[in-house]
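Notes follow the structure.
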Amino acid sequence: MKAIVLINAGAASNLQLEDVPKPVPAAGEVLVKVKASSVNPVDIKTRNGKSLYQKLKETNDKIILGWDISGVVESVGEGVTKFRQGDEVFGMINFPGHGKAYAEYVNAPVSQLAIKPGNITHEQAAAATLAALTAWQALTTQGKLQRGQKVLIHAAAGGVGHYAVQIAKYLGAYVMGTSSAANKDFVLSLGADEHIDYKTQKFEDVANEPDLILDTIGSEEYITRSVAAVKPGGTVISLPSVSAALIDEKAKQRGVRGFFFMVEENLSDIEKIAELLEKSIVVSHVSQTFALKDAALAHAQIESGRTKGKVVLVA
């Protein structure tokens, strides 16, 4: 089968299309013929030798990036009764281990898959795995967002951000989202009550002490300003791993909750995302699709910092 292999850490040109052995599902796994996989910022960081690169390199001769898939069950391993050949499924696979999603076929544990809603495409399903799960877990499990509370979402037009806006509205929150003026209409169309143009407005001046701030940017500036802007006793959650120690320090100085968070595998959560997608409460915005062989171009798009919604690879 064909797969995108990371030859060495570094430039996007190090992503090479190769022939690799087609996997065979072990007990408790299914083999999925991948129809679509999505590209996330963690993919780019890992490709550059940061994030999960060293962990993957220690145990694998060849690294195949990607954790998000949507596709069709090709075969099932021993003991699998939940799925059968021909089922359309999607999920976040083996994160933060070796997901191998940039491939024509991938093995996936049954516990990491849900049935793809019939009303959405494989591209939309693949988009709504790691990013939508991150938004869901950040707002519910971690942020404990309650109806009537105010939430500020940074980069609200981005991958995690555009799901977070929709999920926060579903949870009954008053939602404020930052983006450029060019994406104002998009952010408001997602359900945001208020848009903040980060280029011309200081969010801390107009957000009026939100209960929860979801920071998808992770710079020292944004963390410092977010911790200052959140209401007393409020919470700031930062997603980029580089911010882990910094946000803890800044939050303690002000006496608020502040921490780094990374998405976790959770079957009930991916099934909840499937429900929200099926009911069109959450809609994936796929801004661009690329053929599997053009994974390097997809990475370049993410690295541009101007992606609205999600970028998806199609096998």
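Going through the structure tokens in order, the chains are called A, B, and so on, while each chain numbers its residues from 1 and the ligands are numbered from 1 in the order shown.
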
Taking only residues of region 80-179 of chain A that have an atom at most 6 Å from an atom of region 278-287 of chain A, what is each one's shortest atom pair and its distance in Å to one decimal, using only C-alpha atoms, in chain and number order, as CSV?
residue,atom,partner,partner_atom,distance
A:Pro117,CA,A:Glu278,CA,5.3
A:Gln124,CA,A:Ser284,CA,5.3
A:Gln166,CA,A:Val282,CA,5.9

Dump N, CA and C atoms for the selected residues as a short mmCIF file (atom, residue, chain, number, x, y, z; two decimals), in the first residue's frame?
data_model
loop_
_atom_site.label_atom_id
_atom_site.label_comp_id
_atom_site.auth_asym_id
_atom_site.auth_seq_id
_atom_site.Cartn_x
_atom_site.Cartn_y
_atom_site.Cartn_z
N PRO A 117 -21.40 9.26 10.77
CA PRO A 117 -22.78 9.64 10.43
C PRO A 117 -22.99 9.64 8.92
N GLN A 124 -15.36 15.41 6.06
CA GLN A 124 -15.90 16.11 7.23
C GLN A 124 -15.71 15.28 8.50
N GLN A 166 -18.76 26.23 18.16
CA GLN A 166 -20.02 25.51 18.00
C GLN A 166 -20.38 24.70 19.25
#

How would you write, as a ChimeraX atom specification, the set of residues in region 126-279 of chain A that DSSP gives as alpha helix (DSSP H)?
/A:126-127,130-137,159-170,184-189,203-206,220-229,244-254,267-278

With only C-alpha atoms counted and 12 Å as the cut-off, give the residues of region 76-172 of chain A in contact with region 16-37 of chain A, each with its shortest interatomic distance in Å and the pair that gives it, as CSV.
residue,atom,partner,partner_atom,distance
A:Val76,CA,A:Val30,CA,4.3
A:Gly77,CA,A:Ala27,CA,4.7
A:Glu78,CA,A:Ala27,CA,4.3
A:Gly79,CA,A:Gly28,CA,6.0
A:Val80,CA,A:Gly28,CA,5.5
A:Thr81,CA,A:Gly28,CA,9.0
A:Lys82,CA,A:Gly28,CA,9.7
A:Phe83,CA,A:Val30,CA,7.9
A:Arg84,CA,A:Val30,CA,8.5
A:Gln85,CA,A:Val30,CA,8.9
A:Gly86,CA,A:Val32,CA,9.4
A:Asp87,CA,A:Val32,CA,9.3
A:Glu88,CA,A:Val32,CA,8.8
A:Val89,CA,A:Val32,CA,8.1
A:Phe90,CA,A:Val32,CA,9.2
A:Gly91,CA,A:Ser37,CA,9.7
A:Met92,CA,A:Ser37,CA,9.7
A:Ile93,CA,A:Ser37,CA,10.6
A:Asn94,CA,A:Glu29,CA,11.6
A:Gly99,CA,A:Ser37,CA,10.8
A:Lys100,CA,A:Ser37,CA,10.0
A:Ala101,CA,A:Ser37,CA,6.2
A:Tyr102,CA,A:Ser37,CA,6.7
A:Ala103,CA,A:Val34,CA,7.0
A:Glu104,CA,A:Val34,CA,5.3
A:Tyr105,CA,A:Lys33,CA,4.6
A:Val106,CA,A:Val32,CA,5.4
A:Asn107,CA,A:Leu31,CA,4.6
A:Ala108,CA,A:Glu29,CA,5.3
A:Pro109,CA,A:Glu29,CA,4.3
A:Val110,CA,A:Glu29,CA,5.4
A:Ser111,CA,A:Gly28,CA,8.3
A:Gln112,CA,A:Glu29,CA,9.5
A:Leu113,CA,A:Val30,CA,9.4
A:Ala114,CA,A:Val30,CA,12.0
A:Lys116,CA,A:Lys35,CA,11.8
A:Thr121,CA,A:Ala36,CA,9.2
A:His122,CA,A:Ala36,CA,5.8
A:Glu123,CA,A:Ala36,CA,5.4
A:Gln124,CA,A:Ala36,CA,8.7
A:Ala125,CA,A:Ala36,CA,8.2
A:Ala126,CA,A:Ser37,CA,5.2
A:Ala127,CA,A:Ser37,CA,7.2
A:Ala128,CA,A:Ser37,CA,10.0
A:Thr129,CA,A:Ser37,CA,9.5
A:Leu130,CA,A:Ser37,CA,10.6

Could those residues be written to a file, using C-alpha atoms, as a compact mmCIF listing (two decimals), in the first residue's frame?
# COMPACT_ATOMS: atom_id res chain seq x y z
CA VAL A 76 -11.76 -7.32 11.43
CA GLY A 77 -9.39 -8.92 13.91
CA GLU A 78 -10.12 -11.77 16.29
CA GLY A 79 -12.92 -11.11 18.75
CA VAL A 80 -14.30 -8.02 17.01
CA THR A 81 -18.10 -7.95 16.94
CA LYS A 82 -18.83 -4.23 17.13
CA PHE A 83 -17.92 -3.57 13.49
CA ARG A 84 -18.03 -5.60 10.31
CA GLN A 85 -16.66 -5.35 6.80
CA GLY A 86 -18.16 -2.41 4.94
CA ASP A 87 -18.95 -0.24 7.97
CA GLU A 88 -18.05 3.42 7.61
CA VAL A 89 -16.09 4.54 10.66
CA PHE A 90 -14.01 7.46 11.91
CA GLY A 91 -11.79 8.23 14.88
CA MET A 92 -8.53 9.47 16.38
CA ILE A 93 -6.10 6.57 16.20
CA ASN A 94 -3.43 5.74 18.82
CA GLY A 99 -1.28 6.68 14.41
CA LYS A 100 -0.10 6.05 10.83
CA ALA A 101 -3.07 7.88 9.34
CA TYR A 102 -1.25 9.18 6.24
CA ALA A 103 -1.77 5.85 4.49
CA GLU A 104 -4.19 3.90 2.32
CA TYR A 105 -4.92 1.46 5.15
CA VAL A 106 -4.57 1.66 8.92
CA ASN A 107 -5.17 -0.66 11.86
CA ALA A 108 -7.40 0.83 14.54
CA PRO A 109 -8.48 -0.45 17.95
CA VAL A 110 -12.25 -0.88 18.14
CA SER A 111 -12.32 1.36 21.22
CA GLN A 112 -11.13 4.34 19.15
CA LEU A 113 -13.75 4.26 16.40
CA ALA A 114 -17.34 5.38 15.96
CA LYS A 116 -19.49 7.74 10.63
CA THR A 121 -18.60 13.07 4.03
CA HIS A 122 -15.46 11.18 4.95
CA GLU A 123 -13.60 14.48 4.68
CA GLN A 124 -15.90 16.11 7.23
CA ALA A 125 -15.64 13.11 9.55
CA ALA A 126 -11.85 12.93 9.40
CA ALA A 127 -11.67 16.64 10.16
CA ALA A 128 -13.78 16.21 13.29
CA THR A 129 -11.62 13.85 15.30
CA LEU A 130 -8.56 15.22 17.09

Which parts of region 183-248 of chain A does DSSP call strand (DSSP E or B) when run on the backbone here, written out as a ChimeraX atom specification?
/A:194-197,212-215,235-238

Atom pair CA of Thr235 (chain A) / CA of Asp211 (chain A): separation (Å):
6.4 Å

Extract, using only C-alpha atoms, all DNA, RNA and protein residues at most 7 Å from Val256 (chain A), discarding same-chain residues fewer than 6 positions from it, and format them as JSON, numbers by chain.
{"A": [232, 233, 234, 235]}

Keeping only C-alpha atoms, write the selected residues as a short mmCIF file (atom, residue, chain, number, x, y, z; two decimals), in the first residue's frame.
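The file below, out_32.cif, is the result:
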data_model
loop_
_atom_site.label_atom_id
_atom_site.label_comp_id
_atom_site.auth_asym_id
_atom_site.auth_seq_id
_atom_site.Cartn_x
_atom_site.Cartn_y
_atom_site.Cartn_z
CA PRO A 232 -11.14 36.05 39.22
CA GLY A 233 -11.46 32.33 39.86
CA GLY A 234 -11.74 31.66 36.13
CA THR A 235 -9.85 29.23 33.95
#

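Minimum distance to Phe261 (chain A) across A:Ile237, A:Ala207, A:Val227, A:Ala245 (counting only C-alpha atoms) occurs at A:Ile237.
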
Can you list, as a PyMOL selection string, every protein, DNA or RNA residue that comes within 9 Å of Leu214 (chain A) when you count only C-alpha atoms, leaving out same-chain residues fewer than 2 positions away?
chain A and resi 135+138-139+143+151-154+161+164+212+216+226+235-239

Write out as a list in words the residues lying within 9 Å of Pro96 (chain A), counting only C-alpha atoms and excluding same-chain residues fewer than 5 positions away.
Leu52, Trp67, Val263, Glu264 and Glu265 of chain A

Identify, on the basis of only C-alpha atoms, every residue whose closest approach to Leu145 (chain A) does not exceed 8 Å; exclude the query and any residue fewer than 3 positions from it along the same chain; express the result as an mmCIF file with C-alpha atoms, in the first residue's frame.
data_model
loop_
_atom_site.group_PDB
_atom_site.id
_atom_site.type_symbol
_atom_site.label_atom_id
_atom_site.label_comp_id
_atom_site.auth_asym_id
_atom_site.auth_seq_id
_atom_site.Cartn_x
_atom_site.Cartn_y
_atom_site.Cartn_z
ATOM 1 C CA LEU A 139 -14.640 22.846 27.334
ATOM 2 C CA THR A 140 -16.350 20.035 29.237
ATOM 3 C CA GLN A 149 -20.985 31.383 31.391
ATOM 4 C CA ALA A 168 -19.640 26.196 23.467
ATOM 5 C CA LEU A 171 -23.415 24.008 25.936
ATOM 6 C CA ALA A 173 -22.381 29.665 26.826
ATOM 7 C CA LEU A 212 -13.074 30.493 30.552
#

Ser219 (chain A): which residues within 12 Å, counting only C-alpha atoms, same-chain residues fewer than 2 positions away excluded, as a VMD selection string?
chain A and resid 154 215 to 217 221 to 226 238 to 247

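Atom to atom, CA of Trp136 (chain A) and CA of Ile213 (chain A) stand 13.8 Å apart.
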
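Here CA of Val5 (chain A) is placed at a distance of 23.7 Å from CA of Gly159 (chain A).
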
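For the set A:Asn183, A:Thr134, A:Ser75, A:Gln142, the residue with the smallest atom-to-atom gap to His195 (chain A) is A:Asn183, counting only C-alpha atoms.
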